[in-house]
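Asks: As input, take my_file_36.csv (CSV, C-alpha atoms and all ligand atoms):
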chain,number,residue,atom,x,y,z
W,1,MET,CA,57.4,40.7,152.9
W,2,ASN,CA,54.3,38.6,152.7
W,3,ARG,CA,50.7,39.7,153.4
W,4,GLN,CA,50.4,38.5,157.0
W,5,ALA,CA,53.8,39.8,158.1
W,6,THR,CA,52.9,43.3,156.7
W,7,ILE,CA,49.6,43.3,158.5
W,8,ASP,CA,51.2,42.2,161.8
W,9,ILE,CA,53.9,44.8,161.7
W,10,GLU,CA,51.5,47.7,160.8
W,11,ASN,CA,49.1,46.5,163.6
W,12,ARG,CA,52.0,46.3,166.1
W,13,TYR,CA,53.9,49.5,165.2
W,14,GLY,CA,51.4,51.7,163.4
W,15,SER,CA,49.8,54.6,165.3
W,16,GLY,CA,46.5,52.7,165.7
W,17,LEU,CA,44.7,55.7,164.4
W,18,TYR,CA,43.3,54.1,161.2
W,19,GLY,CA,40.9,51.3,160.7
W,20,HIS,CA,42.2,48.9,158.0
W,21,GLN,CA,40.7,46.7,155.4
W,22,PRO,CA,42.6,43.4,155.5
W,23,ILE,CA,44.2,44.0,152.1
W,24,VAL,CA,47.9,44.7,151.5
W,25,LEU,CA,48.2,46.9,148.4
W,26,VAL,CA,51.6,46.6,146.7
W,27,ARG,CA,51.3,47.8,143.1
W,28,GLY,CA,49.2,50.1,140.9
W,29,GLU,CA,48.9,51.0,137.2
W,30,GLY,CA,46.3,53.4,135.8
W,31,ALA,CA,43.1,52.7,137.6
W,32,ARG,CA,44.2,49.2,138.7
W,33,LEU,CA,45.7,48.0,142.0
W,34,TRP,CA,47.1,44.7,143.0
W,35,ASP,CA,47.4,43.2,146.5
W,36,ALA,CA,50.2,41.1,147.9
W,37,ASP,CA,48.6,37.9,146.7
W,38,GLY,CA,48.3,39.2,143.1
W,39,THR,CA,44.5,39.9,143.3
W,40,GLU,CA,43.6,42.8,141.0
W,41,TYR,CA,41.2,45.6,141.9
W,42,ILE,CA,39.6,48.6,140.2
W,43,ASP,CA,40.6,51.6,142.2
W,44,CYS,CA,37.7,53.9,143.1
W,45,MET,CA,39.6,55.6,145.9
W,46,SER,CA,42.7,57.2,144.2
W,47,GLY,CA,44.1,57.4,147.7
W,48,HIS,CA,41.3,59.8,148.8
W,49,GLY,CA,41.4,61.7,145.6
W,50,VAL,CA,45.2,61.9,145.1
W,51,GLY,CA,45.8,59.7,142.0
W,52,ASN,CA,43.9,61.7,139.3
W,53,VAL,CA,46.4,60.8,136.6
W,54,GLY,CA,46.4,57.1,137.7
W,55,HIS,CA,49.0,55.0,139.4
W,56,ALA,CA,52.6,54.9,138.0
W,57,HIS,CA,52.0,57.5,135.3
W,58,PRO,CA,55.1,57.3,133.1
W,59,ALA,CA,55.6,61.0,132.7
W,60,VAL,CA,55.3,61.7,136.4
W,61,LEU,CA,57.6,58.7,137.1
W,62,GLU,CA,60.2,60.1,134.7
W,63,ALA,CA,60.0,63.6,136.1
W,64,ILE,CA,60.6,62.3,139.7
W,65,ARG,CA,63.5,60.1,138.5
W,66,GLU,CA,65.1,63.0,136.6
W,67,GLN,CA,64.7,65.6,139.4
W,68,ALA,CA,65.8,63.2,142.1
W,69,GLY,CA,69.0,62.6,140.2
W,70,ARG,CA,69.6,66.3,139.7
W,71,LEU,CA,68.4,68.3,142.7
W,72,ALA,CA,65.9,67.1,145.3
W,73,ILE,CA,66.6,69.8,148.0
W,74,CYS,CA,66.6,73.5,147.6
W,75,PRO,CA,65.8,75.9,150.5
W,76,ASN,CA,63.1,78.6,149.9
W,77,GLY,CA,65.7,81.3,150.3
W,78,PHE,CA,67.1,80.3,146.9
W,79,TYR,CA,65.4,80.3,143.4
W,80,ASN,CA,64.8,77.0,141.7
W,81,ASP,CA,63.8,76.1,138.1
W,82,ALA,CA,61.4,73.3,139.0
W,83,ARG,CA,59.6,75.5,141.5
W,84,ALA,CA,59.4,78.4,139.1
W,85,ALA,CA,57.9,76.2,136.4
W,86,LEU,CA,55.3,74.7,138.8
W,87,ILE,CA,54.1,78.0,140.2
W,88,GLU,CA,53.8,79.5,136.8
W,89,ALA,CA,51.7,76.5,135.7
W,90,LEU,CA,49.5,76.7,138.8
W,91,VAL,CA,48.8,80.4,138.2
W,92,ARG,CA,47.9,79.6,134.6
W,93,ILE,CA,45.4,76.9,135.3
W,94,THR,CA,43.7,78.3,138.4
W,95,PRO,CA,40.9,80.9,138.3
W,96,ASP,CA,41.8,84.4,137.1
W,97,GLY,CA,43.3,86.7,139.7
W,98,LEU,CA,45.1,84.0,141.7
W,99,ASP,CA,48.6,85.0,140.8
W,100,ARG,CA,50.8,84.2,143.8
W,101,VAL,CA,51.5,80.8,145.3
W,102,PHE,CA,52.5,79.5,148.7
W,103,LEU,CA,53.7,75.9,148.5
W,104,CYS,CA,53.4,73.4,151.3
W,105,ASN,CA,52.9,69.7,151.8
W,106,SER,CA,49.3,68.7,152.4
W,107,GLY,CA,45.7,69.8,152.4
W,108,THR,CA,45.5,70.7,156.1
W,109,GLU,CA,48.7,72.8,155.7
W,110,ALA,CA,47.2,74.7,152.8
W,111,VAL,CA,44.1,75.5,154.9
W,112,GLU,CA,46.3,76.6,157.9
W,113,GLY,CA,48.2,78.9,155.5
W,114,ALA,CA,45.0,80.4,154.1
W,115,MET,CA,43.6,81.0,157.6
W,116,LYS,CA,46.8,82.7,158.6
W,117,PHE,CA,46.9,84.8,155.4
W,118,ALA,CA,43.2,85.8,155.9
W,119,ARG,CA,43.9,86.9,159.4
W,120,VAL,CA,47.0,88.9,158.7
W,121,ALA,CA,45.6,90.4,155.5
W,122,THR,CA,42.3,91.6,157.1
W,123,GLY,CA,43.4,92.2,160.7
W,124,ARG,CA,40.3,90.3,161.7
W,125,THR,CA,39.9,86.9,163.4
W,126,LYS,CA,36.5,85.4,162.6
W,127,ILE,CA,36.3,82.5,160.2
W,128,VAL,CA,32.9,81.4,158.8
W,129,ALA,CA,32.9,77.7,157.8
W,130,ALA,CA,30.1,75.2,156.9
W,131,MET,CA,28.4,72.4,158.8
W,132,ARG,CA,29.5,69.0,157.5
W,133,GLY,CA,32.7,70.7,156.1
W,134,TYR,CA,36.1,69.1,156.3
W,135,HIS,CA,39.4,71.0,156.1
W,136,GLY,CA,42.0,68.8,157.8
W,137,ARG,CA,43.2,67.8,161.2
W,138,THR,CA,45.9,70.2,162.3
W,139,MET,CA,44.6,72.7,165.0
W,140,GLY,CA,43.6,75.6,162.7
W,141,ALA,CA,42.0,73.5,159.9
W,142,LEU,CA,40.4,71.2,162.6
W,143,SER,CA,38.8,74.3,164.2
W,144,ALA,CA,37.0,74.9,160.9
W,145,THR,CA,36.1,71.2,160.5
W,146,TRP,CA,32.5,70.3,161.5
W,147,ASN,CA,32.6,66.8,162.8
W,148,LYS,CA,32.5,67.0,166.6
W,149,ALA,CA,34.2,63.6,167.0
W,150,TYR,CA,37.3,65.0,165.3
W,151,ARG,CA,37.2,68.3,167.2
W,152,GLU,CA,36.1,67.7,170.7
W,153,PRO,CA,39.0,65.7,172.1
W,154,PHE,CA,41.4,68.5,171.3
W,155,GLY,CA,39.8,71.7,172.6
W,156,PRO,CA,40.3,74.5,173.2
W,157,LEU,CA,40.7,75.0,169.5
W,158,VAL,CA,41.3,78.2,167.5
W,159,PRO,CA,38.6,80.6,168.6
W,160,ASP,CA,36.2,82.6,166.5
W,161,VAL,CA,35.1,80.0,164.0
W,162,VAL,CA,31.4,79.8,163.4
W,163,PHE,CA,29.5,77.2,161.3
W,164,VAL,CA,26.6,77.8,159.0
W,165,PRO,CA,24.4,75.2,157.3
W,166,TYR,CA,25.9,74.5,153.8
W,167,ASN,CA,23.8,75.8,150.9
W,168,ARG,CA,21.8,78.2,153.2
W,169,VAL,CA,22.3,81.7,151.9
W,170,GLU,CA,20.4,83.5,154.7
W,171,ALA,CA,22.7,81.9,157.3
W,172,LEU,CA,25.7,83.2,155.5
W,173,GLU,CA,24.2,86.7,155.3
W,174,GLU,CA,23.8,86.7,159.0
W,175,ALA,CA,27.2,85.2,159.8
W,176,VAL,CA,29.5,87.4,157.6
W,177,ASP,CA,30.1,90.7,159.3
W,178,SER,CA,32.7,93.4,159.9
W,179,GLU,CA,34.7,91.0,162.2
W,180,THR,CA,34.9,88.3,159.5
W,181,ALA,CA,38.4,87.5,158.1
W,182,ALA,CA,37.3,84.7,155.8
W,183,VAL,CA,34.5,82.4,154.6
W,184,LEU,CA,36.1,79.0,154.1
W,185,LEU,CA,34.1,76.5,152.0
W,186,GLU,CA,34.5,73.4,149.9
W,187,VAL,CA,32.9,73.7,146.5
W,188,VAL,CA,31.7,70.2,146.8
W,189,GLN,CA,31.8,68.8,150.4
W,190,GLY,CA,33.8,65.6,150.3
W,191,GLU,CA,34.2,63.9,153.6
W,192,GLY,CA,30.8,65.3,154.7
W,193,GLY,CA,29.0,63.1,152.2
W,194,VAL,CA,29.8,64.4,148.7
W,195,ILE,CA,27.4,67.3,148.7
W,196,PRO,CA,27.7,69.7,145.8
W,197,GLY,CA,27.5,73.4,146.7
W,198,ASP,CA,24.7,75.4,145.1
W,199,ALA,CA,25.8,78.1,142.7
W,200,ALA,CA,23.7,80.7,144.6
W,201,PHE,CA,25.2,79.8,148.0
W,202,LEU,CA,28.8,79.9,146.7
W,203,ARG,CA,28.3,83.1,144.7
W,204,SER,CA,26.7,84.8,147.7
W,205,ALA,CA,29.7,83.8,149.8
W,206,GLN,CA,32.0,85.4,147.4
W,207,GLU,CA,29.8,88.6,147.1
W,208,LEU,CA,29.3,88.9,150.8
W,209,CYS,CA,33.1,88.7,151.4
W,210,SER,CA,33.8,91.3,148.8
W,211,ALA,CA,31.0,93.6,150.2
W,212,ARG,CA,32.0,93.2,153.9
W,213,GLY,CA,35.8,93.2,153.7
W,214,ALA,CA,36.3,89.5,154.2
W,215,LEU,CA,38.2,87.0,152.0
W,216,PHE,CA,36.5,84.1,150.2
W,217,VAL,CA,38.6,80.9,150.6
W,218,ALA,CA,37.8,78.0,148.4
W,219,ASP,CA,39.0,74.6,149.6
W,220,GLU,CA,39.6,72.7,146.4
W,221,VAL,CA,41.8,70.1,148.1
W,222,GLN,CA,39.6,67.2,147.0
W,223,THR,CA,37.8,68.8,144.1
W,224,GLY,CA,40.9,70.2,142.3
W,225,PHE,CA,42.8,69.1,139.2
W,226,GLY,CA,40.0,67.8,137.1
W,227,ARG,CA,38.1,65.7,139.7
W,228,THR,CA,34.7,67.3,139.2
W,229,GLY,CA,34.8,67.6,135.4
W,230,ALA,CA,36.5,71.0,135.3
W,231,MET,CA,40.1,71.8,136.2
W,232,PHE,CA,38.8,73.4,139.5
W,233,ALA,CA,35.2,73.1,140.8
W,234,CYS,CA,35.1,76.9,141.1
W,235,GLU,CA,34.8,77.0,137.3
W,236,HIS,CA,31.4,75.4,137.4
W,237,HIS,CA,30.0,78.5,139.1
W,238,GLY,CA,32.4,81.2,137.7
W,239,LEU,CA,33.9,81.7,141.2
W,240,ARG,CA,37.0,83.8,141.7
W,241,PRO,CA,38.1,83.1,145.3
W,242,ASP,CA,40.6,85.4,147.1
W,243,LEU,CA,42.5,82.3,148.4
W,244,MET,CA,42.3,78.8,147.1
W,245,CYS,CA,43.7,75.7,148.9
W,246,VAL,CA,44.8,72.7,146.8
W,247,ALA,CA,46.7,69.5,147.6
W,248,LYS,CA,45.9,65.8,147.0
W,249,ALA,CA,46.1,65.3,143.2
W,250,ILE,CA,48.6,68.2,142.6
W,251,ALA,CA,51.7,66.1,142.3
W,252,GLY,CA,50.6,62.7,141.1
W,253,GLY,CA,51.1,61.1,144.5
W,254,VAL,CA,54.0,63.0,145.9
W,255,PRO,CA,52.9,65.0,149.0
W,256,MET,CA,52.3,68.6,148.2
W,257,GLY,CA,49.8,71.4,148.9
W,258,ALA,CA,49.5,75.0,147.8
W,259,VAL,CA,47.6,78.2,148.6
W,260,LEU,CA,46.8,80.4,145.6
W,261,ILE,CA,46.6,84.0,146.6
W,262,GLY,CA,44.5,86.7,144.9
W,263,PRO,CA,44.8,90.5,144.8
W,264,ARG,CA,42.4,91.3,147.7
W,265,VAL,CA,44.9,89.6,150.0
W,266,GLY,CA,47.5,92.3,149.4
W,267,ALA,CA,51.2,91.8,150.2
W,268,LEU,CA,51.9,89.3,152.9
W,269,PRO,CA,54.3,90.4,155.6
W,270,PRO,CA,57.6,88.7,154.9
W,271,ARG,CA,58.6,85.8,157.2
W,272,THR,CA,55.1,85.4,158.7
W,273,HIS,CA,54.8,81.8,157.4
W,274,SER,CA,57.1,79.1,156.0
W,275,SER,CA,57.6,75.5,155.3
W,276,THR,CA,60.9,73.6,155.1
W,277,PHE,CA,59.7,71.1,152.5
W,278,GLY,CA,57.2,73.5,150.8
W,279,GLY,CA,58.2,73.8,147.2
W,280,ASN,CA,61.0,71.2,147.2
W,281,PRO,CA,62.1,70.5,143.7
W,282,LEU,CA,61.1,66.8,143.7
W,283,ALA,CA,57.5,67.6,144.5
W,284,CYS,CA,57.5,70.5,142.1
W,285,ALA,CA,58.8,68.4,139.2
W,286,ALA,CA,56.2,65.8,140.0
W,287,GLY,CA,53.6,68.6,140.1
W,288,LEU,CA,54.5,70.0,136.8
W,289,ALA,CA,54.5,66.6,135.1
W,290,THR,CA,51.1,65.9,136.7
W,291,ILE,CA,49.5,69.2,135.5
W,292,ARG,CA,50.9,68.6,132.0
W,293,ALA,CA,49.4,65.1,131.9
W,294,ILE,CA,46.0,66.4,133.2
W,295,GLU,CA,46.0,68.9,130.3
W,296,ALA,CA,47.4,66.6,127.6
W,297,GLU,CA,45.0,63.8,128.4
W,298,ARG,CA,42.1,66.2,128.8
W,299,LEU,CA,41.3,64.6,132.2
W,300,PRO,CA,38.7,67.2,133.3
W,301,GLU,CA,36.6,66.4,130.2
W,302,ARG,CA,37.2,62.8,130.8
W,303,ALA,CA,36.0,63.1,134.4
W,304,ALA,CA,32.8,64.8,133.1
W,305,ASP,CA,32.2,62.1,130.6
W,306,LEU,CA,33.1,59.0,132.7
W,307,GLY,CA,31.5,60.6,135.7
W,308,ALA,CA,28.2,60.9,133.8
W,309,ARG,CA,28.5,57.3,132.8
W,310,LEU,CA,29.2,56.1,136.3
W,311,ARG,CA,26.5,58.2,137.8
W,312,ALA,CA,23.9,57.0,135.2
W,313,GLY,CA,25.0,53.4,135.9
W,314,LEU,CA,24.7,53.8,139.6
W,315,GLU,CA,21.3,55.4,139.2
W,316,THR,CA,20.0,52.5,137.2
W,317,ILE,CA,20.7,50.1,140.1
W,318,ASP,CA,17.3,49.1,141.4
W,319,ALA,CA,18.0,48.3,145.1
W,320,ALA,CA,15.8,49.2,148.1
W,321,VAL,CA,18.9,50.2,150.1
W,322,VAL,CA,19.8,53.1,147.8
W,323,ARG,CA,18.6,56.5,149.1
W,324,GLU,CA,20.4,58.8,146.6
W,325,VAL,CA,23.2,59.1,144.0
W,326,ARG,CA,24.9,62.5,143.9
W,327,GLY,CA,28.1,64.3,143.1
W,328,LEU,CA,30.0,66.1,140.3
W,329,GLY,CA,32.2,64.6,137.7
W,330,LEU,CA,34.2,61.6,139.1
W,331,MET,CA,33.4,62.7,142.7
W,332,LEU,CA,30.3,60.6,143.3
W,333,ALA,CA,28.5,59.0,146.2
W,334,MET,CA,25.7,56.7,147.0
W,335,GLU,CA,23.8,57.4,150.1
W,336,LEU,CA,22.4,54.1,151.5
W,337,ARG,CA,19.8,53.0,154.1
W,338,VAL,CA,22.5,50.6,155.5
W,339,LYS,CA,26.0,51.1,156.9
W,340,SER,CA,28.7,51.6,154.2
W,341,PHE,CA,31.5,49.6,155.8
W,342,PRO,CA,30.1,46.1,155.1
W,343,ILE,CA,29.2,47.3,151.6
W,344,LEU,CA,32.8,48.4,151.0
W,345,ALA,CA,34.1,45.0,152.2
W,346,ALA,CA,31.7,43.2,149.9
W,347,LEU,CA,32.7,45.4,147.0
W,348,ALA,CA,36.4,44.6,147.7
W,349,GLU,CA,35.5,40.9,147.5
W,350,ARG,CA,34.2,41.6,144.0
W,351,GLY,CA,37.4,43.5,143.0
W,352,VAL,CA,36.3,47.2,143.6
W,353,LEU,CA,37.9,49.4,146.2
W,354,ALA,CA,35.8,52.4,147.2
W,355,LEU,CA,35.6,54.8,150.1
W,356,PRO,CA,33.2,55.8,152.9
W,357,ALA,CA,32.0,59.4,153.3
W,358,GLY,CA,30.2,59.1,156.6
W,359,ARG,CA,28.5,56.0,158.0
W,360,MET,CA,25.9,55.5,155.3
W,361,VAL,CA,27.6,56.8,152.2
W,362,VAL,CA,29.8,55.0,149.7
W,363,ARG,CA,32.1,57.3,147.8
W,364,PHE,CA,33.7,56.8,144.4
W,365,LEU,CA,36.8,58.7,143.6
W,366,PRO,CA,38.5,56.7,140.8
W,367,PRO,CA,41.6,57.9,139.0
W,368,LEU,CA,40.3,60.1,136.1
W,369,VAL,CA,42.0,57.7,133.6
W,370,ILE,CA,39.5,54.9,134.5
W,371,SER,CA,38.1,53.3,131.3
W,372,ALA,CA,34.5,53.0,130.3
W,373,GLU,CA,34.8,49.2,130.7
W,374,GLN,CA,36.1,49.6,134.2
W,375,VAL,CA,33.2,52.0,135.0
W,376,GLU,CA,30.8,49.2,133.8
W,377,ALA,CA,32.5,46.7,135.9
W,378,VAL,CA,32.2,49.0,139.0
W,379,VAL,CA,28.5,49.4,138.3
W,380,ASP,CA,28.0,45.6,137.9
W,381,ALA,CA,29.8,45.0,141.2
W,382,VAL,CA,27.8,47.6,143.1
W,383,SER,CA,24.6,46.3,141.6
W,384,ALA,CA,25.5,42.7,142.6
W,385,VAL,CA,26.4,43.7,146.2
W,386,LEU,CA,23.4,46.0,146.8
W,387,SER,CA,20.8,43.5,145.3
W,388,LYS,CA,21.7,41.2,148.2
W,389,GLU,CA,21.0,44.0,150.8
W,390,SER,CA,17.7,44.8,152.5
W,391,PRO,CA,17.0,48.1,154.2
W,392,ASP,CA,16.4,46.4,157.5
W,393,GLY,CA,20.0,45.1,157.4
K,401,LIG,C1,38.3,69.4,151.3
K,401,LIG,C2,39.5,69.0,152.1
K,401,LIG,N1,40.3,69.9,152.7
K,401,LIG,C3,41.4,69.5,153.4
K,401,LIG,C4,41.7,68.2,153.5
K,401,LIG,C5,42.9,67.8,154.4
K,401,LIG,O1,43.9,67.3,153.5
K,401,LIG,P1,45.1,66.4,154.1
K,401,LIG,O2,44.6,65.1,154.5
K,401,LIG,O3,46.1,66.4,152.9
K,401,LIG,O4,45.7,67.2,155.2
K,401,LIG,C6,41.0,67.2,152.9
K,401,LIG,C7,41.3,65.8,153.1
K,401,LIG,O5,40.5,64.9,152.8
K,401,LIG,C8,39.8,67.6,152.2
K,401,LIG,O6,39.0,66.7,151.6
Can you dump the structure from the file as structure tokens?
Ligand SMILES: Cc1ncc(COP(=O)(O)O)c(C=O)c1O
Replies:
Amino acid sequence: MNRQATIDIENRYGSGLYGHQPIVLVRGEGARLWDADGTEYIDCMSGHGVGNVGHAHPAVLEAIREQAGRLAICPNGFYNDARAALIEALVRITPDGLDRVFLCNSGTEAVEGAMKFARVATGRTKIVAAMRGYHGRTMGALSATWNKAYREPFGPLVPDVVFVPYNRVEALEEAVDSETAAVLLEVVQGEGGVIPGDAAFLRSAQELCSARGALFVADEVQTGFGRTGAMFACEHHGLRPDLMCVAKAIAGGVPMGAVLIGPRVGALPPRTHSSTFGGNPLACAAGLATIRAIEAERLPERAADLGARLRAGLETIDAAVVREVRGLGLMLAMELRVKSFPILAALAERGVLALPAGRMVVRFLPPLVISAEQVEAVVDAVSAVLSKESPDG
């Protein structure tokens, strides 16, 4: 199907919920993407942080092929070798104490699961979340998502969610009380503008939860699997959450999510939650191959190294429209004095596909396999685009 036919069909029959760049992506390899006309791009999106191991990773591809030919469907009422191998690997690589796993299919589902587990485990209802936080679009996760434009059309939402300013310890101290089931936080806020959490804030969230009988839930949906320069961003601050939500990069592009469950949660009442597709062998095989590739290729270390280079390169750009460069590992952002969408379109013209994170922020989430040369090319493209911009638009 050619470029225009693809665009026409998606415009006619798609949900209409997404804005589109006028580019039809048809192929990827490593950190490169190609469109329907054969134009090549450097990927600084990874599909919103999904493709940490890069596109078409041979080991992930082989695992999917092998598992699809053997057994792709296995209900949760039966044991399965691929599922067992994946949950064992997840328990091994996640922070100490998280030694049970609920498997699902996306980030928002992982957050829904964690919210339900926190309520049933504590017998309490209140959830403390952060301003500018993002946890997904289903009703529970949406209730804990800050952006009013996402929430307001759908009220009444799940009650008893309160928001505190991110990185403000005193606000947390006031909000967490004897009614609180959970404090739900991103370790680096992603959609909210790529804002790293302070160690003091995150550690006090954990300590307040443990002192006041609540559960500390880390949302590592975007930060997980090497993205920030550690396997999980919790490691930067020595955090040991009671529940941890992961998804996105977990299975190399195959939809999957998971909730890691710690000892303070206690036993979950049987049959209180479930998912038909959760833990299906195909996604599990892809997940195991992805985790093995992240470890074998030392992708967290690579994200730290290449992230430092990308950040240093972005910081050297001398353009009046740049307000700030921030982030952790290969989760980086440039806050601008101008709107991000025209900048993203100009970057695409120069062969770099990046993401917004709010109206004035350009976000870089490249596959962790991006090369030093590709990082340089990204910096050159950003520099060329921003040098043409003036803060007055
Ligand atoms: C931190 C965080 N939590 C949850 C989600 C929701 O994940 P999904 O889009 O897979 O439902 C996202 C998605 O961007 C996210 O960044």
Asks: Hey, which residues come within 9 Å of ligand LIG 401 (chain K) if we count all atoms listed in the file? Could you give them as JSON, numbers by chain?
Replies: {"W": [48, 49, 105, 106, 107, 108, 109, 110, 111, 133, 134, 135, 136, 137, 138, 141, 145, 185, 186, 187, 188, 189, 190, 191, 192, 219, 220, 221, 222, 223, 245, 246, 247, 248, 255, 256, 257]}
Asks: Point out the residue among W:Pro22, W:Gly140, W:Gly313, W:Gly351 with the least atom-to-atom distance to Ile7 in chain W, counting all atoms listed in the file.
Replies: W:Pro22
Asks: Mind running range 221-290 of chain W against range 52-65 of chain W at 6 Å and telling me each contacting residue's nearest atom pair with the distance in Å (one decimal), counting only C-alpha atoms, chain and number ascending, as a tab-separated table?
Replies:
residue	atom	partner	partner_atom	distance
W:Ala249	CA	W:Asn52	CA	5.7
W:Ala285	CA	W:Ala63	CA	5.8
W:Ala286	CA	W:Val60	CA	5.5
W:Ala289	CA	W:Val60	CA	5.1
W:Thr290	CA	W:Val60	CA	5.9
Asks: Could you state the separation of CA of Met131 in chain W and CA of Glu173 in chain W in Å, given to one decimal place?
Replies: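 Atom-to-atom, CA of Met131 in chain W to CA of Glu173 in chain W, that is 15.3 Å.
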Asks: Determine, counting all atoms listed in the file, which protein, DNA and RNA residues have an atom within 12 Å of an atom of Ala171 in chain W; residues of the same chain fewer than 6 positions away are not included. Present the result as a PDB file with C-alpha atoms, keeping the file's coordinate frame.
Replies:
ATOM      1  CA  VAL W 128      32.900  81.400 158.800  1.00  0.00           C
ATOM      2  CA  ALA W 129      32.900  77.700 157.800  1.00  0.00           C
ATOM      3  CA  ALA W 130      30.100  75.200 156.900  1.00  0.00           C
ATOM      4  CA  MET W 131      28.400  72.400 158.800  1.00  0.00           C
ATOM      5  CA  VAL W 162      31.400  79.800 163.400  1.00  0.00           C
ATOM      6  CA  PHE W 163      29.500  77.200 161.300  1.00  0.00           C
ATOM      7  CA  VAL W 164      26.600  77.800 159.000  1.00  0.00           C
ATOM      8  CA  PRO W 165      24.400  75.200 157.300  1.00  0.00           C
ATOM      9  CA  ASP W 177      30.100  90.700 159.300  1.00  0.00           C
ATOM     10  CA  PHE W 201      25.200  79.800 148.000  1.00  0.00           C
ATOM     11  CA  SER W 204      26.700  84.800 147.700  1.00  0.00           C
ATOM     12  CA  ALA W 205      29.700  83.800 149.800  1.00  0.00           C
ATOM     13  CA  LEU W 208      29.300  88.900 150.800  1.00  0.00           C
TER      14      LEU W 208
END
Asks: Restricting the calculation to all atoms listed in the file, which member of W:Asn280, W:Pro367, W:Asp380, W:Ala296 is positioned closest to Asp318 in chain W?
Replies: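 Once distances to Asp318 in chain W are computed over all atoms listed in the file, the minimum belongs to W:Asp380.
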Asks: Hey, which bits of range 153-241 of chain W sit within 8 Å of range 89-99 of chain W, and for each residue what's the closest pair of atoms and how far apart in Å (one decimal), counting all atoms listed in the file, rows by chain and increasing number, as a tab-separated table?
Replies:
residue	atom	partner	partner_atom	distance
W:Met231	CA	W:Ile93	CA	7.4
W:Phe232	CA	W:Thr94	CA	7.0
W:Cys234	CA	W:Pro95	CA	7.6
W:Glu235	CA	W:Pro95	CA	7.3
W:Leu239	CA	W:Pro95	CA	7.6
W:Arg240	CA	W:Pro95	CA	5.9
W:Pro241	CA	W:Pro95	CA	7.9
Asks: By how many Å are CA of Glu174 in chain W and CA of Phe154 in chain W apart?
Replies: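 CA of Glu174 in chain W sits 28.1 Å away from CA of Phe154 in chain W.
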Asks: I'd like the contact shell of Ile261 in chain W - 9 Å cut-off, only C-alpha atoms, skipping same-chain residues fewer than 3 positions apart - returned as an mmCIF file with C-alpha atoms, in the coordinates of the input.
Replies:
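Written output follows (selection.cif):
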data_model
loop_
_atom_site.group_PDB
_atom_site.id
_atom_site.type_symbol
_atom_site.label_atom_id
_atom_site.label_comp_id
_atom_site.auth_asym_id
_atom_site.auth_seq_id
_atom_site.Cartn_x
_atom_site.Cartn_y
_atom_site.Cartn_z
ATOM 1 C CA GLY W 97 43.300 86.700 139.700
ATOM 2 C CA LEU W 98 45.100 84.000 141.700
ATOM 3 C CA ASP W 99 48.600 85.000 140.800
ATOM 4 C CA ARG W 100 50.800 84.200 143.800
ATOM 5 C CA VAL W 101 51.500 80.800 145.300
ATOM 6 C CA PHE W 102 52.500 79.500 148.700
ATOM 7 C CA ALA W 114 45.000 80.400 154.100
ATOM 8 C CA PHE W 117 46.900 84.800 155.400
ATOM 9 C CA PRO W 241 38.100 83.100 145.300
ATOM 10 C CA ASP W 242 40.600 85.400 147.100
ATOM 11 C CA LEU W 243 42.500 82.300 148.400
ATOM 12 C CA MET W 244 42.300 78.800 147.100
ATOM 13 C CA ARG W 264 42.400 91.300 147.700
ATOM 14 C CA VAL W 265 44.900 89.600 150.000
ATOM 15 C CA GLY W 266 47.500 92.300 149.400
#
